[in-house]
file run_38.cif (mmCIF, C-alpha atoms)
data_coords
loop_
_atom_site.label_atom_id
_atom_site.label_comp_id
_atom_site.auth_asym_id
_atom_site.auth_seq_id
_atom_site.Cartn_x
_atom_site.Cartn_y
_atom_site.Cartn_z
CA MET A 1 84.77 128.07 88.74
CA PHE A 2 88.00 129.64 89.95
CA THR A 3 91.51 128.56 90.98
CA GLY A 4 92.20 130.84 93.95
CA ILE A 5 95.14 132.46 92.15
CA ILE A 6 94.49 136.19 92.43
CA GLU A 7 94.79 137.99 89.12
CA THR A 8 94.97 141.56 90.40
CA LEU A 9 93.97 143.90 93.18
CA GLY A 10 91.07 146.25 92.55
CA ARG A 11 90.02 149.29 94.55
CA ILE A 12 86.50 150.09 95.74
CA THR A 13 85.47 153.47 94.30
CA GLU A 14 81.77 153.54 95.22
CA LEU A 15 79.28 151.63 97.38
CA GLN A 16 75.59 152.15 96.78
CA GLN A 17 72.91 150.58 98.98
CA GLU A 18 69.61 149.76 97.28
CA LYS A 19 67.08 148.05 99.53
CA GLY A 20 68.85 144.85 100.64
CA ASN A 21 71.44 145.00 97.84
CA LEU A 22 74.88 146.58 97.70
CA HIS A 23 76.18 147.83 94.34
CA ILE A 24 79.99 147.75 94.40
CA THR A 25 82.02 149.78 91.92
CA VAL A 26 85.59 148.56 91.44
CA GLU A 27 88.51 150.13 89.61
CA SER A 28 91.08 147.62 88.36
CA SER A 29 93.57 146.80 85.63
CA ILE A 30 91.19 144.13 84.26
CA SER A 31 87.89 146.08 84.41
CA HIS A 32 88.24 147.22 80.78
CA GLU A 33 88.48 143.56 79.67
CA LEU A 34 85.33 142.41 81.45
CA LYS A 35 81.89 141.90 79.91
CA ILE A 36 78.41 142.37 81.32
CA ASP A 37 77.16 139.09 82.87
CA GLN A 38 80.71 137.78 83.46
CA SER A 39 81.51 136.07 86.76
CA VAL A 40 84.38 137.56 88.76
CA ALA A 41 85.49 136.58 92.26
CA HIS A 42 85.77 139.57 94.63
CA ASN A 43 87.57 138.54 97.84
CA GLY A 44 86.51 135.01 96.95
CA VAL A 45 82.83 135.83 96.32
CA CYS A 46 81.56 135.05 92.83
CA LEU A 47 79.66 138.14 91.62
CA THR A 48 78.21 139.04 88.22
CA VAL A 49 79.35 142.15 86.36
CA VAL A 50 76.24 144.32 85.88
CA ALA A 51 77.76 147.56 84.50
CA LEU A 52 81.00 148.86 82.95
CA ALA A 53 82.61 152.29 82.63
CA ASP A 54 86.12 153.59 81.93
CA GLY A 55 88.39 151.25 83.92
CA LEU A 56 85.52 150.43 86.30
CA HIS A 57 83.07 147.60 86.75
CA VAL A 58 80.00 147.23 88.96
CA VAL A 59 78.77 144.10 90.72
CA THR A 60 75.79 143.61 93.02
CA ALA A 61 75.82 141.68 96.30
CA ILE A 62 72.33 140.69 97.41
CA GLU A 63 71.26 140.42 101.05
CA GLU A 64 71.99 136.67 101.20
CA THR A 65 75.55 137.30 100.03
CA LEU A 66 76.03 140.20 102.46
CA ASN A 67 74.81 138.02 105.36
CA LYS A 68 77.28 135.22 104.62
CA THR A 69 80.39 137.16 103.61
CA SER A 70 82.47 140.12 104.74
CA LEU A 71 81.51 142.22 101.68
CA GLY A 72 79.17 144.37 103.76
CA GLN A 73 82.21 145.70 105.64
CA LEU A 74 83.88 147.12 102.53
CA LYS A 75 84.68 150.82 102.46
CA VAL A 76 85.54 153.14 99.58
CA GLY A 77 89.28 152.85 98.96
CA ASP A 78 89.55 149.25 100.19
CA PRO A 79 91.60 146.84 98.08
CA VAL A 80 89.78 143.77 96.80
CA ASN A 81 91.24 140.51 95.43
CA LEU A 82 90.00 139.83 91.89
CA GLU A 83 90.01 136.67 89.81
CA ARG A 84 88.18 135.99 86.57
CA CYS A 85 86.69 132.53 86.14
CA MET A 86 88.96 129.70 85.06
CA GLN A 87 89.37 128.87 81.39
CA MET A 88 88.92 125.16 80.71
CA ASN A 89 92.15 124.98 78.70
CA ALA A 90 94.26 126.56 81.48
CA ARG A 91 96.39 125.03 84.21
CA LEU A 92 94.80 124.69 87.63
CA ASP A 93 97.55 126.39 89.65
CA GLY A 94 95.58 126.70 92.91
CA HIS A 95 92.71 124.36 93.69
CA ILE A 96 89.07 124.06 92.61
CA VAL A 97 87.26 127.11 93.97
CA GLN A 98 83.58 127.82 93.34
CA GLY A 99 83.40 131.39 94.59
CA HIS A 100 80.70 130.33 97.07
CA VAL A 101 81.77 131.53 100.50
CA ASP A 102 80.96 129.04 103.26
CA GLN A 103 81.41 131.44 106.17
CA VAL A 104 83.53 134.24 107.55
CA ALA A 105 86.45 133.83 109.93
CA VAL A 106 88.27 136.22 112.24
CA CYS A 107 92.03 136.73 112.20
CA THR A 108 93.25 135.84 115.70
CA ALA A 109 97.00 136.02 115.14
CA PHE A 110 99.42 137.62 112.69
CA ASN A 111 103.17 137.01 112.81
CA ALA A 112 105.79 138.53 110.56
CA LEU A 113 108.51 135.92 110.20
CA GLU A 114 111.84 136.11 108.43
CA GLY A 115 110.74 136.26 104.81
CA SER A 116 107.15 135.09 105.30
CA TRP A 117 104.00 135.78 107.30
CA GLU A 118 101.74 133.50 109.33
CA TYR A 119 98.05 134.16 109.87
CA THR A 120 95.71 132.26 112.19
CA PHE A 121 91.97 132.35 111.58
CA GLU A 122 89.14 131.16 113.83
CA TYR A 123 85.78 130.04 112.46
CA ASP A 124 82.50 128.57 113.72
CA ALA A 125 83.06 124.80 113.53
CA SER A 126 79.40 124.10 114.36
CA LEU A 127 78.60 124.77 110.69
CA GLY A 128 80.34 121.48 109.82
CA ASN A 129 83.32 122.86 107.92
CA VAL A 130 86.77 121.38 108.52
CA THR A 131 90.38 121.98 107.55
CA VAL A 132 93.18 119.45 107.33
CA GLU A 133 96.92 119.86 107.64
CA LYS A 134 98.43 120.45 104.16
CA GLY A 135 94.92 120.73 102.71
CA SER A 136 93.58 123.63 100.67
CA ILE A 137 91.59 126.58 101.98
CA CYS A 138 90.42 129.70 100.19
CA VAL A 139 90.82 132.94 102.21
CA ASN A 140 89.41 136.09 100.55
CA GLY A 141 89.60 134.18 97.28
CA ILE A 142 93.25 133.16 97.72
CA SER A 143 94.13 129.47 97.40
CA LEU A 144 96.31 128.67 100.43
CA THR A 145 97.70 125.59 102.17
CA VAL A 146 96.75 124.92 105.79
CA VAL A 147 99.85 124.62 108.00
CA ASN A 148 98.11 124.08 111.36
CA SER A 149 94.61 122.66 111.63
CA HIS A 150 92.48 122.63 114.78
CA ALA A 151 88.79 122.03 115.51
CA ASN A 152 87.79 125.66 114.91
CA SER A 153 90.94 127.37 113.63
CA PHE A 154 93.81 127.03 111.20
CA SER A 155 96.98 128.83 110.17
CA VAL A 156 98.45 129.62 106.78
CA ALA A 157 101.97 130.68 105.80
CA ILE A 158 102.23 133.43 103.21
CA ILE A 159 105.08 133.86 100.75
CA PRO A 160 106.23 137.39 99.81
CA TYR A 161 104.59 137.34 96.36
CA THR A 162 101.15 136.52 97.79
CA TYR A 163 101.58 139.05 100.61
CA GLU A 164 102.47 141.83 98.16
CA HIS A 165 99.93 141.01 95.41
CA THR A 166 96.78 140.38 97.47
CA ASN A 167 94.90 142.25 100.18
CA LEU A 168 96.25 139.94 102.89
CA HIS A 169 98.85 142.60 103.70
CA ASN A 170 95.94 144.68 105.09
CA VAL A 171 94.49 141.90 107.30
CA ARG A 172 95.22 142.23 111.02
CA VAL A 173 93.96 140.65 114.24
CA GLY A 174 90.20 141.15 114.58
CA ASP A 175 89.55 141.51 110.84
CA GLN A 176 87.04 139.25 109.10
CA VAL A 177 87.83 137.27 105.96
CA ASN A 178 85.77 135.11 103.61
CA LEU A 179 86.36 131.35 103.73
CA GLU A 180 85.61 128.73 101.13
CA PHE A 181 86.52 125.27 102.36
CA ASP A 182 87.88 122.64 99.99
CA ILE A 183 85.04 121.15 97.91
CA ILE A 184 86.37 117.60 98.23
CA GLY A 185 86.63 117.97 102.01
CA LYS A 186 83.05 119.28 102.13
CA TYR A 187 81.75 116.22 100.29
CA VAL A 188 83.72 113.83 102.51
CA ALA A 189 82.48 115.60 105.67
CA ARG A 190 78.88 115.36 104.43
CA LEU A 191 79.26 111.65 103.67
CA MET A 192 80.72 111.03 107.13
CA GLN A 193 77.62 112.61 108.71
CA ARG A 194 75.34 110.01 107.11
#

call {"tool": "encode", "arguments": {"input": "run_38.cif", "output": "structure tokens"}}
result
Amino acid sequence: MFTGIIETLGRITELQQEKGNLHITVESSISHELKIDQSVAHNGVCLTVVALADGLHVVTAIEETLNKTSLGQLKVGDPVNLERCMQMNARLDGHIVQGHVDQVAVCTAFNALEGSWEYTFEYDASLGNVTVEKGSICVNGISLTVVNSHANSFSVAIIPYTYEHTNLHNVRVGDQVNLEFDIIGKYVARLMQR
């Protein structure tokens, strides 16, 4: 379980395809603290550490993960948002995030405002996911608040700290991002379908 508060940015140093799997090597300031079999969110996708080296860690995304996330579009040199799993004795600064991406979205608008940034993302609403105004949404693993909610799109406002310390500053119109919708909202939506 995660909070959606990004701990650090990592950098992709190697991508190795093996059958339907993608082995992703990441260099980061926390890699030396990780352990084999530890869960770490990479752009909001919970992946297991399978190997360690000097300042590097390796995770594997299987075909199912690659089909449902934007991880297959990563390139060597790309920044990646990293968050270790939540400690039970810690504050929950973001919201409850599982690291299970529901679907990808496309950035349809990006506006630099005076002191902040606004992004609009469009997603496939036929999958049953919803956003609500002032509700939580996880974009590339970042816990954000929805400022405009529509049937198949939403906007978020980004403060300077988040813009500078996550990979959102690289996202532009046409780029895909990983979405994890609020777990409480998902349960309510499922109950309403019954």

call {"tool": "closest_residue", "arguments": {"input": "run_38.cif", "among": "A:Val58, A:Leu47, A:Val188, A:Leu66", "to": "Asn129 (chain A)", "atoms": "only C-alpha atoms"}}
result
A:Val188

call {"tool": "resolve_selection", "arguments": {"input": "run_38.cif", "expression": "the PyMOL selection byres ((chain A and resi 152-164) around 9)", "output": "PyMOL selection string"}}
result
chain A and resi 6+105+109+115-126+129-133+137+142+144-151+165-169

call {"tool": "closest_residue", "arguments": {"input": "run_38.cif", "among": "A:Lys19, A:His42, A:His95, A:Arg190", "to": "Asn140 (chain A)", "atoms": "all atoms listed in the file"}}
result
A:His42

call {"tool": "resolve_selection", "arguments": {"input": "run_38.cif", "expression": "the PyMOL selection byres ((chain A and resi 68-75) around 9)", "output": "list in words"}}
result
Ile12, Thr13, Glu14, Leu15, Leu22, His42, Asn43, Val45, Ala61, Glu63, Glu64, Thr65, Leu66, Asn67, Val76, Gly77, Asp78, Pro79, Val80, Val101, Asp102, Gln103, Val104, Gln176, Val177, Asn178 and Leu179 of chain A

call {"tool": "residues_around", "arguments": {"input": "run_38.cif", "residues": "Ser39 (chain A)", "least_positions_apart": "2", "cutoff": "12 Å", "atoms": "only C-alpha atoms", "output": "list in words"}}
result
Met1, Phe2, Leu34, Lys35, Ile36, Asp37, Ala41, His42, Gly44, Val45, Cys46, Leu47, Thr48, Val49, Val50, His57, Val58, Val59, Thr60, Leu82, Glu83, Arg84, Cys85, Met86, Gln87, Gln98, Gly99 and His100 of chain A

call {"tool": "atom_distance", "arguments": {"input": "run_38.cif", "atom1": "CA of Thr8 (chain A)", "atom2": "CA of Gly185 (chain A)"}}
result
27.6 Å

call {"tool": "atom_distance", "arguments": {"input": "run_38.cif", "atom1": "CA of Ile24 (chain A)", "atom2": "CA of Gly55 (chain A)"}}
result
13.9 Å

call {"tool": "decode", "arguments": {"input": "run_38.cif", "residues": "region 118-141 of chain A", "atoms": "N, CA, C and O atoms", "output": "PDB file, in the first residue's frame"}}
result
ATOM      1  N   GLU A 118      -1.753  23.413 -14.755  1.00  0.00           N
ATOM      2  CA  GLU A 118      -2.989  22.638 -14.838  1.00  0.00           C
ATOM      3  C   GLU A 118      -2.878  21.642 -15.977  1.00  0.00           C
ATOM      4  O   GLU A 118      -2.509  22.005 -17.097  1.00  0.00           O
ATOM      5  N   TYR A 119      -3.189  20.391 -15.663  1.00  0.00           N
ATOM      6  CA  TYR A 119      -3.187  19.317 -16.644  1.00  0.00           C
ATOM      7  C   TYR A 119      -4.611  18.784 -16.772  1.00  0.00           C
ATOM      8  O   TYR A 119      -5.318  18.642 -15.774  1.00  0.00           O
ATOM      9  N   THR A 120      -4.999  18.449 -17.999  1.00  0.00           N
ATOM     10  CA  THR A 120      -6.269  17.763 -18.235  1.00  0.00           C
ATOM     11  C   THR A 120      -5.961  16.417 -18.864  1.00  0.00           C
ATOM     12  O   THR A 120      -5.140  16.324 -19.789  1.00  0.00           O
ATOM     13  N   PHE A 121      -6.611  15.384 -18.347  1.00  0.00           N
ATOM     14  CA  PHE A 121      -6.410  14.021 -18.829  1.00  0.00           C
ATOM     15  C   PHE A 121      -7.742  13.423 -19.267  1.00  0.00           C
ATOM     16  O   PHE A 121      -8.770  13.631 -18.615  1.00  0.00           O
ATOM     17  N   GLU A 122      -7.720  12.673 -20.352  1.00  0.00           N
ATOM     18  CA  GLU A 122      -8.914  11.996 -20.859  1.00  0.00           C
ATOM     19  C   GLU A 122      -8.695  10.492 -20.733  1.00  0.00           C
ATOM     20  O   GLU A 122      -7.612   9.988 -21.024  1.00  0.00           O
ATOM     21  N   TYR A 123      -9.760   9.801 -20.299  1.00  0.00           N
ATOM     22  CA  TYR A 123      -9.675   8.356 -20.113  1.00  0.00           C
ATOM     23  C   TYR A 123     -10.928   7.687 -20.660  1.00  0.00           C
ATOM     24  O   TYR A 123     -11.926   8.343 -20.956  1.00  0.00           O
ATOM     25  N   ASP A 124     -10.883   6.374 -20.794  1.00  0.00           N
ATOM     26  CA  ASP A 124     -11.999   5.591 -21.314  1.00  0.00           C
ATOM     27  C   ASP A 124     -12.995   5.337 -20.184  1.00  0.00           C
ATOM     28  O   ASP A 124     -12.773   4.476 -19.332  1.00  0.00           O
ATOM     29  N   ALA A 125     -14.095   6.084 -20.178  1.00  0.00           N
ATOM     30  CA  ALA A 125     -15.094   5.972 -19.103  1.00  0.00           C
ATOM     31  C   ALA A 125     -15.892   4.679 -19.187  1.00  0.00           C
ATOM     32  O   ALA A 125     -16.545   4.295 -18.211  1.00  0.00           O
ATOM     33  N   SER A 126     -15.824   3.980 -20.322  1.00  0.00           N
ATOM     34  CA  SER A 126     -16.595   2.736 -20.453  1.00  0.00           C
ATOM     35  C   SER A 126     -16.069   1.638 -19.524  1.00  0.00           C
ATOM     36  O   SER A 126     -16.743   0.636 -19.315  1.00  0.00           O
ATOM     37  N   LEU A 127     -14.891   1.838 -18.941  1.00  0.00           N
ATOM     38  CA  LEU A 127     -14.340   0.858 -18.008  1.00  0.00           C
ATOM     39  C   LEU A 127     -14.935   1.003 -16.608  1.00  0.00           C
ATOM     40  O   LEU A 127     -14.609   0.239 -15.709  1.00  0.00           O
ATOM     41  N   GLY A 128     -15.801   2.012 -16.417  1.00  0.00           N
ATOM     42  CA  GLY A 128     -16.525   2.166 -15.157  1.00  0.00           C
ATOM     43  C   GLY A 128     -15.833   3.005 -14.101  1.00  0.00           C
ATOM     44  O   GLY A 128     -16.317   3.117 -12.981  1.00  0.00           O
ATOM     45  N   ASN A 129     -14.707   3.597 -14.438  1.00  0.00           N
ATOM     46  CA  ASN A 129     -14.004   4.440 -13.468  1.00  0.00           C
ATOM     47  C   ASN A 129     -14.552   5.855 -13.502  1.00  0.00           C
ATOM     48  O   ASN A 129     -14.955   6.344 -14.551  1.00  0.00           O
ATOM     49  N   VAL A 130     -14.561   6.508 -12.341  1.00  0.00           N
ATOM     50  CA  VAL A 130     -15.105   7.865 -12.250  1.00  0.00           C
ATOM     51  C   VAL A 130     -14.197   8.738 -11.376  1.00  0.00           C
ATOM     52  O   VAL A 130     -13.459   8.248 -10.534  1.00  0.00           O
ATOM     53  N   THR A 131     -14.275  10.036 -11.621  1.00  0.00           N
ATOM     54  CA  THR A 131     -13.628  11.013 -10.749  1.00  0.00           C
ATOM     55  C   THR A 131     -14.711  11.925 -10.194  1.00  0.00           C
ATOM     56  O   THR A 131     -15.800  12.021 -10.762  1.00  0.00           O
ATOM     57  N   VAL A 132     -14.402  12.567  -9.095  1.00  0.00           N
ATOM     58  CA  VAL A 132     -15.324  13.546  -8.521  1.00  0.00           C
ATOM     59  C   VAL A 132     -14.541  14.798  -8.170  1.00  0.00           C
ATOM     60  O   VAL A 132     -13.357  14.731  -7.817  1.00  0.00           O
ATOM     61  N   GLU A 133     -15.211  15.933  -8.290  1.00  0.00           N
ATOM     62  CA  GLU A 133     -14.606  17.213  -7.935  1.00  0.00           C
ATOM     63  C   GLU A 133     -14.113  17.175  -6.486  1.00  0.00           C
ATOM     64  O   GLU A 133     -14.832  16.738  -5.596  1.00  0.00           O
ATOM     65  N   LYS A 134     -12.876  17.567  -6.267  1.00  0.00           N
ATOM     66  CA  LYS A 134     -12.203  17.585  -4.963  1.00  0.00           C
ATOM     67  C   LYS A 134     -11.905  16.191  -4.433  1.00  0.00           C
ATOM     68  O   LYS A 134     -11.489  16.035  -3.283  1.00  0.00           O
ATOM     69  N   GLY A 135     -12.096  15.166  -5.280  1.00  0.00           N
ATOM     70  CA  GLY A 135     -11.743  13.802  -4.901  1.00  0.00           C
ATOM     71  C   GLY A 135     -10.283  13.525  -5.216  1.00  0.00           C
ATOM     72  O   GLY A 135      -9.588  14.348  -5.811  1.00  0.00           O
ATOM     73  N   SER A 136      -9.821  12.351  -4.835  1.00  0.00           N
ATOM     74  CA  SER A 136      -8.429  11.967  -5.064  1.00  0.00           C
ATOM     75  C   SER A 136      -8.291  11.159  -6.343  1.00  0.00           C
ATOM     76  O   SER A 136      -9.180  10.390  -6.716  1.00  0.00           O
ATOM     77  N   ILE A 137      -7.148  11.326  -6.995  1.00  0.00           N
ATOM     78  CA  ILE A 137      -6.782  10.550  -8.176  1.00  0.00           C
ATOM     79  C   ILE A 137      -5.274  10.351  -8.111  1.00  0.00           C
ATOM     80  O   ILE A 137      -4.548  11.214  -7.605  1.00  0.00           O
ATOM     81  N   CYS A 138      -4.812   9.237  -8.591  1.00  0.00           N
ATOM     82  CA  CYS A 138      -3.380   8.955  -8.609  1.00  0.00           C
ATOM     83  C   CYS A 138      -2.916   8.958 -10.065  1.00  0.00           C
ATOM     84  O   CYS A 138      -3.383   8.148 -10.865  1.00  0.00           O
ATOM     85  N   VAL A 139      -2.034   9.903 -10.426  1.00  0.00           N
ATOM     86  CA  VAL A 139      -1.507  10.044 -11.783  1.00  0.00           C
ATOM     87  C   VAL A 139      -0.013   9.748 -11.738  1.00  0.00           C
ATOM     88  O   VAL A 139       0.732  10.449 -11.052  1.00  0.00           O
ATOM     89  N   ASN A 140       0.412   8.689 -12.439  1.00  0.00           N
ATOM     90  CA  ASN A 140       1.823   8.265 -12.405  1.00  0.00           C
ATOM     91  C   ASN A 140       2.315   8.101 -10.973  1.00  0.00           C
ATOM     92  O   ASN A 140       3.463   8.411 -10.656  1.00  0.00           O
ATOM     93  N   GLY A 141       1.426   7.638 -10.101  1.00  0.00           N
ATOM     94  CA  GLY A 141       1.789   7.385  -8.716  1.00  0.00           C
ATOM     95  C   GLY A 141       1.696   8.584  -7.800  1.00  0.00           C
ATOM     96  O   GLY A 141       1.992   8.484  -6.620  1.00  0.00           O
TER      97      GLY A 141
END
